[in-house]
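Notes to accompany the following structure.
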Amino acid sequence: MKKKLFSLLFIVNLIKLNAQCGGYIISNFPDTLNGVTVTQTYTGSVTYSNTYTLCNVVAGPTMLGIGFSSAPFSQTLSFSAPVNNIIYALNGSDSTSYDVETFTFTVNAGSLTTTQNGGCLYTQVGNVFKANAKGANANGAYITLNSTSPYTSLTVSGNGGANGSFMALCSGLSMGINQYYASQIQIYPSPASNVLNINNSLQLAACNYIMYWAML
């Protein structure tokens with residue numbers, strides 16, 4: 001007896017991610033990664049310098065908050081497609097007798113949660129990160145930004161510091177997008193005989209896919 005079997009294959013190009021951002025970061029905006037364009041707007045002290053490595057965290061050349069505590073900043077990154085689980089690299093932050101750099105993360109959709117890993121972690125309270133070691137260039141971490149809904153805008157604000165801090169987005173940006181799309185689609189039953197149900201909360205055009213069937 002022949003049965004029709006349907007399979008749905010999603011073609012995704014994931015950039016392998018490791019603790020070093022898969023060897024690729026973006027920080028000089030605008031830039032494009034895996035088809036998503038990232039642009040930047042800002043107020044206050046946001047400048048460009050060089051790429052910097054601290055505590056095994058690679059960031060830069062964008063720098064935030066150079067000029068002691070009198071250099072507050074607000075950086076907004078906009079994405080041309082919804083993203084989630086992006087990784088924000090941050091290092092070179094200061095905690096001295098005259099200033100302690102802080103960074104507050106917000107997104108424009110869903111409820112944001114943040115986690116960090118790296119060699120010199122920040123003091124974290126919710127979505128606020130604070131330099132916690134005495135001396136210049138004391139902290140560095142990779143900060144993962146996960147929301148209950150995909151977002152198209154990320155804002156980071158802070159009070160500035162003596163030397164400022166370096167930032168970048170890791171190549172995990174593309175991984176976050178594809179993981180979100182895949183998680184929003186349900187396919188059943190499996191195996192299918194006559195009818196294949198596809199439930200999704202997305203426009204399928206957002207994913208590249210191939211549908212095929214085979215006669216057995």
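Identifiers in this document derive from the order of the structure tokens: chains are assigned A, B, ..., residues are numbered from 1 separately in each chain, and ligands are numbered from 1 in order of occurrence.
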
Compile the contact shell of Gly92 in chain A as number ranges by chain: residues with an atom at most 10 Å away, counting only C-alpha atoms, same-chain residues fewer than 4 positions apart removed.
A: 52-55, 57, 59-60, 63-64, 101, 131, 136-141, 161, 163-167

Secondary structure check, strand (DSSP E or B) residues of range 104-137 of chain A, as a list in words:
Thr104, Phe105, Thr106, Val107, Leu112, Thr113, Thr114, Thr115, Gln116, Asn117, Gly118, Gly119, Cys120, Thr123, Gln124, Val125, Val128, Phe129, Lys130, Gly135, Ala136 and Asn137 of chain A

Interatomic distance between CA of Thr41 in chain A and CA of Ala89 in chain A?
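If I compute the distance from CA of Thr41 in chain A to CA of Ala89 in chain A, I get 18.0 Å.
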
Taking 6 positions as the minimum chain separation for residues in the same chain, which residues sit within 10 Å of range 112-122 of chain A when counting only C-alpha atoms? Answer as a PyMOL selection string.
chain A and resi 19-20+54-57+84-85+87-91+93+102-103+105-106+128-133+138-151
